[in-house]
>>> print(open('query.cif').read())   # mmCIF, C-alpha atoms (C1' of nucleotides)
data_final
loop_
_atom_site.label_atom_id
_atom_site.label_comp_id
_atom_site.auth_asym_id
_atom_site.auth_seq_id
_atom_site.Cartn_x
_atom_site.Cartn_y
_atom_site.Cartn_z
CA MET A 1 34.65 10.96 -33.71
CA LEU A 2 33.73 13.62 -36.14
CA GLN A 3 34.87 11.38 -38.93
CA ILE A 4 32.00 8.96 -38.42
CA ASP A 5 29.33 10.93 -40.21
CA GLN A 6 31.76 11.56 -42.99
CA MET A 7 32.36 7.88 -43.25
CA LEU A 8 28.65 7.14 -43.16
CA CYS A 9 27.84 9.65 -45.88
CA PHE A 10 30.80 8.56 -47.93
CA SER A 11 30.01 4.88 -47.53
CA LEU A 12 26.53 5.49 -48.91
CA TYR A 13 27.91 7.56 -51.74
CA ALA A 14 30.51 4.93 -52.65
CA ALA A 15 28.23 1.93 -52.14
CA SER A 16 25.52 3.43 -54.29
CA ARG A 17 27.94 3.99 -57.13
CA ALA A 18 29.40 0.51 -56.64
CA MET A 19 25.90 -0.97 -56.88
CA THR A 20 25.24 0.94 -60.08
CA ARG A 21 28.50 -0.36 -61.53
CA VAL A 22 27.44 -3.94 -60.76
CA TYR A 23 24.13 -3.38 -62.51
CA GLN A 24 25.60 -1.62 -65.51
CA PRO A 25 27.01 -4.62 -67.41
CA LEU A 26 23.83 -6.60 -66.64
CA LEU A 27 21.53 -3.86 -67.89
CA GLU A 28 23.59 -2.78 -70.87
CA PRO A 29 22.58 -5.80 -73.02
CA LEU A 30 18.97 -4.75 -72.39
CA GLY A 31 19.75 -1.20 -73.44
CA LEU A 32 18.91 0.15 -69.99
CA THR A 33 20.61 2.49 -67.58
CA TYR A 34 20.17 1.97 -63.86
CA PRO A 35 17.69 4.84 -63.34
CA GLN A 36 15.70 3.59 -66.32
CA TYR A 37 15.61 0.13 -64.75
CA VAL A 38 14.32 1.62 -61.52
CA VAL A 39 11.53 3.34 -63.44
CA LEU A 40 10.63 0.02 -65.04
CA LEU A 41 10.52 -1.62 -61.59
CA ALA A 42 7.98 0.99 -60.56
CA LEU A 43 5.92 0.39 -63.70
CA TRP A 44 6.10 -3.40 -63.42
CA ALA A 45 4.68 -3.02 -59.91
CA GLU A 46 1.93 -0.70 -61.17
CA ASP A 47 1.41 0.21 -64.79
CA ALA A 48 0.03 3.54 -66.02
CA GLN A 49 1.22 6.02 -63.43
CA PRO A 50 1.46 9.79 -63.77
CA VAL A 51 4.95 11.26 -63.82
CA GLY A 52 4.50 12.80 -60.40
CA GLN A 53 3.56 9.50 -58.78
CA ILE A 54 6.63 7.80 -60.21
CA GLY A 55 8.60 10.77 -58.94
CA SER A 56 7.28 10.48 -55.41
CA ARG A 57 7.94 6.72 -55.36
CA LEU A 58 11.51 7.23 -56.61
CA GLY A 59 12.28 10.55 -55.00
CA LEU A 60 12.89 12.24 -58.34
CA GLU A 61 11.55 15.53 -59.67
CA SER A 62 10.09 16.18 -63.09
CA ASN A 63 13.30 17.93 -64.11
CA THR A 64 15.03 14.55 -63.86
CA LEU A 65 12.17 12.32 -64.93
CA THR A 66 10.92 14.18 -67.97
CA PRO A 67 14.08 13.79 -70.06
CA LEU A 68 14.66 10.28 -68.69
CA LEU A 69 11.14 9.23 -69.68
CA LYS A 70 11.52 10.82 -73.10
CA ARG A 71 14.60 8.71 -73.70
CA MET A 72 12.69 5.62 -72.57
CA GLU A 73 9.87 6.54 -74.93
CA ALA A 74 12.36 6.99 -77.77
CA ALA A 75 13.72 3.53 -76.94
CA GLY A 76 10.22 2.11 -77.25
CA LEU A 77 9.98 1.04 -73.61
CA ILE A 78 7.05 3.19 -72.53
CA HIS A 79 4.25 5.40 -73.78
CA ARG A 80 3.56 8.94 -72.62
CA ALA A 81 0.03 10.29 -72.87
CA ARG A 82 -1.91 13.12 -71.29
CA ASN A 83 -4.58 12.10 -68.82
CA LYS A 84 -7.97 12.86 -70.40
CA ASP A 85 -9.48 13.58 -66.99
CA ASP A 86 -6.68 15.96 -66.04
CA GLU A 87 -4.68 17.31 -68.93
CA ARG A 88 -1.94 18.45 -66.56
CA GLN A 89 -0.88 14.88 -65.91
CA VAL A 90 1.17 12.73 -68.24
CA ILE A 91 0.48 9.04 -67.75
CA ILE A 92 3.40 6.70 -68.23
CA SER A 93 2.53 3.19 -69.35
CA LEU A 94 4.54 0.17 -70.42
CA SER A 95 4.88 -0.76 -74.06
CA GLY A 96 4.88 -4.41 -75.05
CA LYS A 97 8.64 -4.22 -75.23
CA GLY A 98 8.86 -2.66 -71.79
CA ARG A 99 6.59 -5.31 -70.33
CA LEU A 100 8.55 -8.16 -71.91
CA LEU A 101 11.83 -6.96 -70.44
CA GLN A 102 10.67 -8.02 -66.99
CA SER A 103 11.09 -11.67 -67.90
CA GLN A 104 14.72 -11.03 -68.79
CA THR A 105 15.65 -9.59 -65.41
CA SER A 106 15.42 -12.56 -63.05
CA HIS A 107 19.07 -13.47 -63.58
CA ILE A 108 19.97 -9.87 -62.76
CA ASP A 109 18.36 -10.19 -59.34
CA ARG A 110 20.33 -13.36 -58.71
CA CYS A 111 23.60 -11.77 -59.81
CA ILE A 112 23.13 -8.82 -57.52
CA ILE A 113 22.33 -10.96 -54.51
CA GLU A 114 25.39 -13.03 -55.25
CA ALA A 115 27.62 -9.98 -55.70
CA SER A 116 26.35 -8.49 -52.45
CA GLY A 117 27.56 -11.52 -50.56
CA LEU A 118 24.61 -11.24 -48.22
CA SER A 119 22.10 -13.82 -47.11
CA LEU A 120 18.47 -13.00 -47.64
CA ASP A 121 18.02 -12.18 -43.97
CA GLN A 122 21.07 -9.95 -43.95
CA ALA A 123 19.92 -8.15 -47.08
CA ILE A 124 16.49 -7.57 -45.57
CA ALA A 125 17.95 -6.25 -42.33
CA LEU A 126 20.44 -3.96 -44.02
CA THR A 127 17.81 -2.65 -46.41
CA ALA A 128 15.53 -1.86 -43.49
CA GLU A 129 18.28 0.03 -41.68
CA ILE A 130 19.17 2.07 -44.74
CA ASN A 131 15.54 2.80 -45.47
CA ALA A 132 15.01 3.96 -41.91
CA LEU A 133 18.03 6.21 -42.21
CA ALA A 134 16.82 7.65 -45.51
CA ALA A 135 13.41 8.29 -43.98
CA ARG A 136 14.95 10.22 -41.09
CA LEU A 137 17.16 12.18 -43.46
CA MET A 138 14.14 13.17 -45.50
CA THR A 139 12.14 14.52 -42.60
CA PRO A 140 12.38 18.33 -42.44
CA ASP A 141 14.22 18.20 -39.15
CA THR A 142 16.18 20.76 -37.21
CA ALA A 143 19.20 20.32 -39.41
CA THR A 144 19.69 23.84 -40.70
CA ASP A 145 20.48 25.61 -37.46
CA ALA A 146 21.04 24.95 -33.77
CA MET B 1 11.93 -12.70 -52.53
CA LEU B 2 13.37 -11.37 -55.72
CA GLN B 3 12.39 -7.91 -54.62
CA ILE B 4 14.96 -7.84 -51.84
CA ASP B 5 17.97 -7.01 -53.94
CA GLN B 6 15.94 -4.42 -55.74
CA MET B 7 15.03 -2.91 -52.41
CA LEU B 8 18.64 -3.01 -51.28
CA CYS B 9 19.95 -1.33 -54.41
CA PHE B 10 17.16 1.19 -54.36
CA SER B 11 17.59 1.94 -50.67
CA LEU B 12 21.24 2.76 -51.29
CA TYR B 13 20.36 4.88 -54.29
CA ALA B 14 17.67 6.80 -52.39
CA ALA B 15 19.63 7.10 -49.15
CA SER B 16 22.68 8.42 -50.94
CA ARG B 17 20.65 11.11 -52.64
CA ALA B 18 18.87 11.91 -49.37
CA MET B 19 22.23 12.33 -47.66
CA THR B 20 23.40 14.67 -50.41
CA ARG B 21 20.24 16.72 -49.99
CA VAL B 22 20.93 17.09 -46.27
CA TYR B 23 24.44 18.29 -46.97
CA GLN B 24 23.48 20.65 -49.76
CA PRO B 25 22.05 23.54 -47.69
CA LEU B 26 24.94 23.20 -45.23
CA LEU B 27 27.58 23.29 -47.97
CA GLU B 28 25.96 25.91 -50.17
CA PRO B 29 26.97 28.84 -47.88
CA LEU B 30 30.56 27.63 -48.26
CA GLY B 31 30.21 27.52 -52.03
CA LEU B 32 30.75 23.76 -52.11
CA THR B 33 28.98 20.85 -53.74
CA TYR B 34 28.94 17.49 -52.02
CA PRO B 35 31.58 15.85 -54.26
CA GLN B 36 33.79 18.90 -53.83
CA TYR B 37 33.42 18.57 -50.06
CA VAL B 38 34.45 14.92 -50.29
CA VAL B 39 37.57 15.95 -52.21
CA LEU B 40 38.36 18.45 -49.48
CA LEU B 41 37.94 15.75 -46.84
CA ALA B 42 40.57 13.72 -48.68
CA LEU B 43 42.91 16.71 -48.86
CA TRP B 44 42.40 17.69 -45.23
CA ALA B 45 43.42 14.15 -44.32
CA GLU B 46 46.48 14.35 -46.60
CA ASP B 47 47.50 17.42 -48.56
CA ALA B 48 49.28 17.36 -51.93
CA GLN B 49 47.98 14.20 -53.56
CA PRO B 50 48.12 13.32 -57.24
CA VAL B 51 44.77 13.17 -59.04
CA GLY B 52 44.95 9.41 -59.35
CA GLN B 53 45.41 8.88 -55.62
CA ILE B 54 42.40 11.03 -54.84
CA GLY B 55 40.52 9.04 -57.45
CA SER B 56 41.42 5.70 -55.91
CA ARG B 57 40.44 6.94 -52.43
CA LEU B 58 37.11 8.24 -53.72
CA GLY B 59 36.41 5.71 -56.42
CA LEU B 60 36.32 8.34 -59.14
CA GLU B 61 38.09 8.42 -62.51
CA SER B 62 39.97 11.29 -64.05
CA ASN B 63 37.06 11.96 -66.38
CA THR B 64 35.04 12.96 -63.31
CA LEU B 65 37.83 14.45 -61.22
CA THR B 66 39.56 16.61 -63.81
CA PRO B 67 36.64 18.98 -64.46
CA LEU B 68 35.62 18.88 -60.78
CA LEU B 69 39.14 19.85 -59.71
CA LYS B 70 39.30 22.59 -62.32
CA ARG B 71 36.14 24.09 -60.87
CA MET B 72 37.65 23.89 -57.40
CA GLU B 73 40.80 25.57 -58.69
CA ALA B 74 38.72 28.30 -60.30
CA ALA B 75 36.97 28.75 -56.93
CA GLY B 76 40.37 29.23 -55.29
CA LEU B 77 40.09 26.14 -53.11
CA ILE B 78 43.05 24.17 -54.46
CA HIS B 79 46.14 24.40 -56.62
CA ARG B 80 47.00 22.08 -59.51
CA ALA B 81 50.64 21.59 -60.46
CA ARG B 82 52.61 19.01 -62.41
CA ASN B 83 54.89 16.80 -60.35
CA LYS B 84 58.48 17.74 -61.21
CA ASP B 85 59.63 14.16 -60.63
CA ASP B 86 56.93 12.72 -62.88
CA GLU B 87 55.40 15.16 -65.29
CA ARG B 88 52.50 12.82 -65.92
CA GLN B 89 51.10 13.47 -62.45
CA VAL B 90 49.16 16.53 -61.38
CA ILE B 91 49.51 17.22 -57.69
CA ILE B 92 46.46 18.69 -55.97
CA SER B 93 47.17 20.81 -52.93
CA LEU B 94 45.05 22.96 -50.65
CA SER B 95 45.06 26.73 -50.98
CA GLY B 96 44.87 28.86 -47.86
CA LYS B 97 41.16 29.27 -48.52
CA GLY B 98 40.68 25.55 -48.92
CA ARG B 99 42.56 24.86 -45.71
CA LEU B 100 40.57 27.44 -43.76
CA LEU B 101 37.26 25.92 -44.79
CA GLN B 102 37.92 22.93 -42.56
CA SER B 103 37.33 25.02 -39.46
CA GLN B 104 33.88 25.94 -40.74
CA THR B 105 32.68 22.37 -41.10
CA SER B 106 32.41 21.11 -37.55
CA HIS B 107 28.78 22.19 -37.27
CA ILE B 108 28.08 20.29 -40.50
CA ASP B 109 29.27 17.06 -38.94
CA ARG B 110 27.00 17.66 -35.98
CA CYS B 111 24.00 18.44 -38.17
CA ILE B 112 24.44 15.26 -40.19
CA ILE B 113 24.74 13.06 -37.13
CA GLU B 114 21.63 14.70 -35.75
CA ALA B 115 19.71 14.30 -39.00
CA SER B 116 20.71 10.66 -39.24
CA GLY B 117 19.06 9.95 -35.90
CA LEU B 118 21.77 7.43 -35.11
CA SER B 119 23.91 7.02 -32.05
CA LEU B 120 27.65 6.97 -32.60
CA ASP B 121 27.74 3.20 -32.16
CA GLN B 122 24.89 2.70 -34.58
CA ALA B 123 26.52 4.97 -37.12
CA ILE B 124 29.80 3.09 -36.83
CA ALA B 125 28.09 -0.28 -37.20
CA LEU B 126 26.00 0.77 -40.18
CA THR B 127 28.96 2.38 -41.90
CA ALA B 128 30.96 -0.81 -41.45
CA GLU B 129 28.18 -2.91 -42.96
CA ILE B 130 27.81 -0.62 -45.94
CA ASN B 131 31.55 -0.44 -46.47
CA ALA B 132 31.77 -4.22 -46.38
CA LEU B 133 28.97 -4.44 -48.92
CA ALA B 134 30.67 -1.91 -51.18
CA ALA B 135 33.93 -3.81 -50.93
CA ARG B 136 32.24 -7.04 -52.00
CA LEU B 137 30.45 -5.28 -54.84
CA MET B 138 33.74 -3.91 -56.08
CA THR B 139 35.53 -7.26 -56.22
CA PRO B 140 35.56 -8.66 -59.77
CA ASP B 141 33.37 -11.57 -58.76
CA THR B 142 31.43 -14.11 -60.78
CA ALA B 143 28.66 -11.66 -61.41
CA THR B 144 28.63 -11.53 -65.20
CA ASP B 145 27.68 -15.11 -65.95
CA ALA B 146 26.58 -18.32 -64.23
"C1'" DT C 1 70.37 3.71 -76.57
"C1'" DG C 2 65.79 3.18 -78.50
"C1'" DC C 3 61.27 1.99 -78.95
"C1'" DG C 4 57.03 -0.50 -77.63
"C1'" DA C 5 54.16 -1.03 -73.47
"C1'" DT C 6 52.43 1.17 -69.54
"C1'" DT C 7 50.71 4.89 -66.87
"C1'" DA C 8 48.50 9.59 -65.61
"C1'" DG C 9 45.47 13.00 -66.94
"C1'" DA C 10 42.61 15.19 -70.15
"C1'" DT C 11 38.91 15.24 -73.56
"C1'" DC C 12 34.48 13.93 -75.56
"C1'" DG C 13 29.76 12.32 -75.53
"C1'" DT C 14 25.73 10.70 -73.00
"C1'" DA C 15 22.87 10.40 -69.02
"C1'" DC C 16 21.42 11.54 -64.74
"C1'" DA C 17 20.31 14.97 -60.44
"C1'" DC C 18 18.53 19.10 -58.99
"C1'" DG C 19 17.58 24.34 -58.07
"C1'" DA C 20 14.97 27.77 -60.35
"C1'" DT C 21 11.67 29.15 -63.49
"C1'" DT C 22 7.93 28.70 -66.97
"C1'" DT C 23 3.67 26.99 -69.10
"C1'" DA C 24 -0.63 24.82 -69.11
"C1'" DT C 25 -4.47 23.16 -66.59
"C1'" DT C 26 -7.51 22.66 -62.71
"C1'" DT C 27 -9.48 24.17 -58.42
"C1'" DA C 28 -11.25 27.38 -55.17
"C1'" DT C 29 -13.53 31.70 -54.09
"C1'" DG C 30 -15.84 35.72 -54.45
"C1'" DC D 1 -18.82 33.28 -64.16
"C1'" DA D 2 -14.10 35.19 -63.56
"C1'" DT D 3 -9.89 34.96 -61.82
"C1'" DA D 4 -6.33 34.17 -58.35
"C1'" DA D 5 -4.10 30.24 -56.19
"C1'" DA D 6 -2.55 25.73 -56.67
"C1'" DT D 7 -0.84 21.86 -59.23
"C1'" DA D 8 1.70 18.93 -62.98
"C1'" DA D 9 5.15 18.85 -66.34
"C1'" DA D 10 8.46 20.85 -68.94
"C1'" DT D 11 12.49 23.79 -69.61
"C1'" DC D 12 17.01 25.74 -68.50
"C1'" DG D 13 21.55 25.86 -66.46
"C1'" DT D 14 25.18 23.73 -63.68
"C1'" DG D 15 27.55 19.88 -61.86
"C1'" DT D 16 28.59 15.32 -61.43
"C1'" DA D 17 29.40 10.06 -63.21
"C1'" DC D 18 31.33 7.23 -66.49
"C1'" DG D 19 32.61 4.58 -71.02
"C1'" DA D 20 35.71 5.40 -74.69
"C1'" DT D 21 39.45 7.59 -76.57
"C1'" DC D 22 43.54 10.65 -76.82
"C1'" DT D 23 48.03 12.66 -75.52
"C1'" DA D 24 52.11 13.03 -73.10
"C1'" DA D 25 55.50 11.12 -70.08
"C1'" DT D 26 57.89 7.22 -68.09
"C1'" DC D 27 59.37 2.50 -67.90
"C1'" DG D 28 61.10 -2.02 -69.51
"C1'" DC D 29 63.93 -4.55 -72.06
"C1'" DA D 30 66.41 -5.96 -76.10
#
>>> encode(input="query.cif", output="structure tokens")
Amino acid sequence: MLQIDQMLCFSLYAASRAMTRVYQPLLEPLGLTYPQYVVLLALWAEDAQPVGQIGSRLGLESNTLTPLLKRMEAAGLIHRARNKDDERQVIISLSGKGRLLQSQTSHIDRCIIEASGLSLDQAIALTAEINALAARLMTPDTATDA
Amino acid sequence: MLQIDQMLCFSLYAASRAMTRVYQPLLEPLGLTYPQYVVLLALWAEDAQPVGQIGSRLGLESNTLTPLLKRMEAAGLIHRARNKDDERQVIISLSGKGRLLQSQTSHIDRCIIEASGLSLDQAIALTAEINALAARLMTPDTATDA
DNA sequence: TGCGATTAGATCGTACACGATTTATTTATG
DNA sequence: CATAAATAAATCGTGTACGATCTAATCGCA
């Protein structure tokens, strides 16, 4: 009984790391880590975003993103520039190199789907369930006392 | 279409971190991090395991476990001792303090179940799906070329 | 019996995560 | 117009993850 939540939390923990390990050898030839790839996904969907917007999309704070983005800048993947209209913001935009990488990732998508062993419908359903769970976990519920 | 696997991988990544964030305030009063709690779960299930066995149960290598276990030893939660029958192995066993902590974790289980918003059946089913996915991801499949 | 191969942990370097704090900029208010 | 409150990143410290390598102990087999 009481083991179930432990198993649920542990299964997420283990599955997430397993997924990262599947990505790693596919991303390594591109010189990317998994979190860096996720940032690129966000930028391919919408270029030129402030750090905070990327953070809210990815659920990461500036204390994680700032050094990560600096490494991506050093690798020539992105540009970092202050917003002229609001000097507090740093706008992250794709470099030519960062934009070109997108074309080299379609085989990655295929490999992951294959490794997951799921049909498209199954993947969609499972993703929806996990997203719903994550959304509930992130609501400031009555989880601290009772 | 090609976004699905990205959504699946990202949902796992985000859900795992969300789960850790739910645990954090519950574990902090006990002086535990989430990975340390997972190690304790393994030891509560079976005391006196070598490092490598804990690693295979948790999917962690010695390069992660060794420093983690040293911190737990420093915190007085566990003992580390060479196996007399095989001096290569380091046996990890619970201290009295580490054993006692188990009794203080039942409310944590309840809080997590509540925060997940899942019924027991739903939690079991979702855990099984995620475990099956993780198992497939961990098989050395044809994921590197095609 | 002896020595190369294997195995178990430990060590090292790099890259996240994240709580807490700090700095710089903008906004709101008197 | 001045300044306190709010906001956006950056910084700092601690704790995982993990590839690569190292060391010590055991095993296998001539």
>>> closest_atom_pairs(input="query.cif", of="chain C", to="chain A", cutoff="8 Å", atoms="all atoms listed in the file", output="tab-separated table")
residue	atom	partner	partner_atom	distance
C:DC16	C1'	A:Thr64	CA	7.1
C:DA17	C1'	A:Thr64	CA	6.3
C:DC18	C1'	A:Asn63	CA	7.4
C:DA24	C1'	A:Arg88	CA	7.0
C:DT25	C1'	A:Arg88	CA	5.3
C:DT26	C1'	A:Asp86	CA	7.5
>>> resolve_selection(input="query.cif", expression="the PyMOL selection byres ((chain D and resi 13) around 10)", output="VMD selection string")
(chain C and resid 19 to 20) or (chain D and resid 11 to 12 14 to 15)
>>> residues_near_point(input="query.cif", point="(51.8, 22.5, -42.1)", cutoff="12 Å", atoms="all atoms listed in the file", output="ChimeraX atom specification")
/B:44,46-48,93-96,99
>>> resolve_selection(input="query.cif", expression="the PyMOL selection byres ((chain B and resi 25) around 12)", output="ChimeraX atom specification")
/A:143-145 /B:19-24,26-34,108,111-112 /C:19
>>> closest_residue(input="query.cif", among="D:DA30, D:DT16, D:DA8, D:DT21", to="chain B", atoms="all atoms listed in the file")
D:DT16
>>> atom_distance(input="query.cif", atom1="CA of Cys9 in chain B", atom2="CA of Val38 in chain A")
9.5 Å
>>> atom_distance(input="query.cif", atom1="C1' of DA20 in chain D", atom2="CA of Ala74 in chain B")
27.2 Å
>>> closest_atom_pairs(input="query.cif", of="chain D", to="chain B", cutoff="9 Å", atoms="only C-alpha atoms (C1' of nucleotides)", output="CSV")
residue,atom,partner,partner_atom,distance
D:DG15,C1',B:Leu68,CA,8.2
D:DT16,C1',B:Thr64,CA,7.1
D:DA17,C1',B:Thr64,CA,6.3
D:DC18,C1',B:Asn63,CA,7.4
D:DA24,C1',B:Arg88,CA,7.2
D:DA25,C1',B:Arg88,CA,5.4
D:DT26,C1',B:Asp86,CA,7.6
>>> atom_distance(input="query.cif", atom1="CA of Ala132 in chain B", atom2="CA of Phe10 in chain B")
17.5 Å
>>> interface_residues(input="query.cif", of="chain B", to="chain A", cutoff="8 Å", atoms="only C-alpha atoms", output="PyMOL selection string")
chain B and resi 2-16+18-19+22+25-26+38+58-59+106+109-117+120+123-124+126-127+129-131+133-134+136-138+141-144
>>> resolve_selection(input="query.cif", expression="the PyMOL selection byres ((chain C and resi 2) around 12)", output="ChimeraX atom specification")
/C:1,3-4 /D:28-30
>>> axis_aligned_box(input="query.cif", around="range 8-19 of chain D", padding_each_side="4 Å", output="AutoDock Vina command-line options")
--center_x 17.2 --center_y 15.2 --center_z -66.2 --size_x 38.9 --size_y 29.3 --size_z 17.6
>>> residues_around(input="query.cif", residues="Ile54 in chain B", least_positions_apart="2", cutoff="9 Å", atoms="only C-alpha atoms (C1' of nucleotides)", output="short mmCIF file (atom, residue, chain, number, x, y, z; two decimals) with C-alpha atoms, in the coordinates of the input")
data_model
loop_
_atom_site.label_atom_id
_atom_site.label_comp_id
_atom_site.auth_asym_id
_atom_site.auth_seq_id
_atom_site.Cartn_x
_atom_site.Cartn_y
_atom_site.Cartn_z
CA VAL B 39 37.57 15.95 -52.21
CA ALA B 42 40.57 13.72 -48.68
CA LEU B 43 42.91 16.71 -48.86
CA GLN B 49 47.98 14.20 -53.56
CA PRO B 50 48.12 13.32 -57.24
CA VAL B 51 44.77 13.17 -59.04
CA GLY B 52 44.95 9.41 -59.35
CA SER B 56 41.42 5.70 -55.91
CA ARG B 57 40.44 6.94 -52.43
CA LEU B 58 37.11 8.24 -53.72
CA GLY B 59 36.41 5.71 -56.42
CA LEU B 60 36.32 8.34 -59.14
CA LEU B 65 37.83 14.45 -61.22
CA ILE B 92 46.46 18.69 -55.97
#
>>> decode(input="query.cif", residues="range 4-21 of chain D", atoms="N, CA and C atoms (P, O5', C5', C4', C3', O3' and C1' of nucleotides)", output="tab-separated table (two decimals), in the first residue's frame")
chain	number	residue	atom	x	y	z
D	4	DA	P	13.29	54.80	0.35
D	4	DA	O5'	12.22	53.68	0.70
D	4	DA	C5'	10.86	54.07	0.96
D	4	DA	C4'	9.91	53.12	0.26
D	4	DA	C3'	10.26	51.64	0.45
D	4	DA	O3'	9.05	50.90	0.64
D	4	DA	C1'	10.20	52.13	-1.85
D	5	DA	P	9.08	49.35	1.00
D	5	DA	O5'	8.51	48.68	-0.34
D	5	DA	C5'	7.20	49.05	-0.79
D	5	DA	C4'	6.93	48.36	-2.11
D	5	DA	C3'	7.18	46.85	-2.11
D	5	DA	O3'	6.08	46.21	-2.75
D	5	DA	C1'	8.44	47.88	-3.84
D	6	DA	P	6.05	44.61	-2.93
D	6	DA	O5'	6.51	44.43	-4.45
D	6	DA	C5'	5.80	45.14	-5.46
D	6	DA	C4'	6.46	44.90	-6.80
D	6	DA	C3'	6.73	43.42	-7.12
D	6	DA	O3'	6.24	43.18	-8.43
D	6	DA	C1'	8.70	44.70	-7.41
D	7	DT	P	6.14	41.66	-8.99
D	7	DT	O5'	7.37	41.63	-9.99
D	7	DT	C5'	7.48	42.63	-11.00
D	7	DT	C4'	8.82	42.51	-11.68
D	7	DT	C3'	9.23	41.08	-12.03
D	7	DT	O3'	9.42	41.03	-13.43
D	7	DT	C1'	11.01	42.27	-11.05
D	8	DA	P	9.81	39.66	-14.18
D	8	DA	O5'	11.38	39.83	-14.39
D	8	DA	C5'	11.87	40.85	-15.25
D	8	DA	C4'	13.33	40.59	-15.55
D	8	DA	C3'	13.66	39.12	-15.83
D	8	DA	O3'	14.57	39.05	-16.91
D	8	DA	C1'	14.89	39.88	-13.94
D	9	DA	P	14.91	37.61	-17.59
D	9	DA	O5'	16.46	37.51	-17.33
D	9	DA	C5'	16.93	37.59	-16.04
D	9	DA	C4'	18.35	38.09	-16.01
D	9	DA	C3'	19.39	36.98	-16.11
D	9	DA	O3'	20.59	37.47	-16.68
D	9	DA	C1'	19.26	37.86	-13.88
D	10	DA	P	21.87	36.49	-16.85
D	10	DA	O5'	22.65	36.65	-15.47
D	10	DA	C5'	23.09	37.95	-15.07
D	10	DA	C4'	23.76	37.88	-13.72
D	10	DA	C3'	24.81	36.78	-13.58
D	10	DA	O3'	25.98	37.37	-13.06
D	10	DA	C1'	23.26	36.67	-11.79
D	11	DT	P	27.32	36.50	-12.87
D	11	DT	O5'	27.27	36.09	-11.33
D	11	DT	C5'	27.17	37.11	-10.35
D	11	DT	C4'	27.12	36.51	-8.97
D	11	DT	C3'	28.13	35.38	-8.71
D	11	DT	O3'	28.82	35.70	-7.52
D	11	DT	C1'	25.96	34.74	-8.01
D	12	DC	P	30.16	34.86	-7.11
D	12	DC	O5'	29.61	33.89	-5.97
D	12	DC	C5'	28.86	34.44	-4.90
D	12	DC	C4'	28.36	33.33	-3.98
D	12	DC	C3'	29.29	32.12	-3.90
D	12	DC	O3'	29.53	31.82	-2.53
D	12	DC	C1'	27.06	31.44	-4.35
D	13	DG	P	30.62	30.68	-2.13
D	13	DG	O5'	29.69	29.49	-1.59
D	13	DG	C5'	28.69	29.77	-0.62
D	13	DG	C4'	27.87	28.53	-0.39
D	13	DG	C3'	28.70	27.24	-0.34
D	13	DG	O3'	28.25	26.44	0.75
D	13	DG	C1'	27.02	27.06	-2.00
D	14	DT	P	28.97	25.04	1.07
D	14	DT	O5'	27.89	23.97	0.57
D	14	DT	C5'	26.59	23.99	1.16
D	14	DT	C4'	25.71	22.96	0.49
D	14	DT	C3'	26.32	21.55	0.42
D	14	DT	O3'	25.36	20.64	0.91
D	14	DT	C1'	25.57	22.23	-1.72
D	15	DG	P	25.72	19.10	1.13
D	15	DG	O5'	24.96	18.38	-0.08
D	15	DG	C5'	23.59	18.66	-0.30
D	15	DG	C4'	23.17	18.02	-1.61
D	15	DG	C3'	23.74	16.62	-1.85
D	15	DG	O3'	22.71	15.78	-2.32
D	15	DG	C1'	24.19	18.00	-3.69
D	16	DT	P	22.79	14.18	-2.22
D	16	DT	O5'	23.73	13.80	-3.43
D	16	DT	C5'	23.28	12.96	-4.47
D	16	DT	C4'	22.43	13.76	-5.46
D	16	DT	C3'	22.19	13.01	-6.77
D	16	DT	O3'	20.91	13.41	-7.27
D	16	DT	C1'	23.41	14.97	-7.20
D	17	DA	P	20.18	12.49	-8.37
D	17	DA	O5'	21.09	12.64	-9.67
D	17	DA	C5'	21.77	11.54	-10.16
D	17	DA	C4'	22.24	11.87	-11.56
D	17	DA	C3'	22.88	10.66	-12.24
D	17	DA	O3'	22.43	10.63	-13.57
D	17	DA	C1'	24.43	12.46	-12.11
D	18	DC	P	22.61	9.25	-14.40
D	18	DC	O5'	24.06	9.41	-15.01
D	18	DC	C5'	24.30	10.39	-16.00
D	18	DC	C4'	25.78	10.44	-16.27
D	18	DC	C3'	26.46	9.06	-16.33
D	18	DC	O3'	27.32	9.03	-17.44
D	18	DC	C1'	27.66	10.50	-14.98
D	19	DG	P	27.33	7.74	-18.37
D	19	DG	O5'	28.65	8.02	-19.24
D	19	DG	C5'	28.77	9.23	-19.97
D	19	DG	C4'	30.22	9.64	-20.07
D	19	DG	C3'	31.17	8.49	-20.37
D	19	DG	O3'	32.16	8.93	-21.31
D	19	DG	C1'	31.79	9.53	-18.32
D	20	DA	P	33.22	7.86	-21.87
D	20	DA	O5'	34.47	8.06	-20.89
D	20	DA	C5'	34.99	9.37	-20.69
D	20	DA	C4'	36.19	9.31	-19.78
D	20	DA	C3'	37.08	8.07	-19.97
D	20	DA	O3'	38.43	8.48	-20.08
D	20	DA	C1'	36.46	8.30	-17.69
D	21	DT	P	39.56	7.36	-20.36
D	21	DT	O5'	40.18	7.18	-18.89
D	21	DT	C5'	40.51	8.35	-18.14
D	21	DT	C4'	40.83	7.98	-16.72
D	21	DT	C3'	41.84	6.83	-16.55
D	21	DT	O3'	42.95	7.33	-15.83
D	21	DT	C1'	40.02	6.62	-15.06
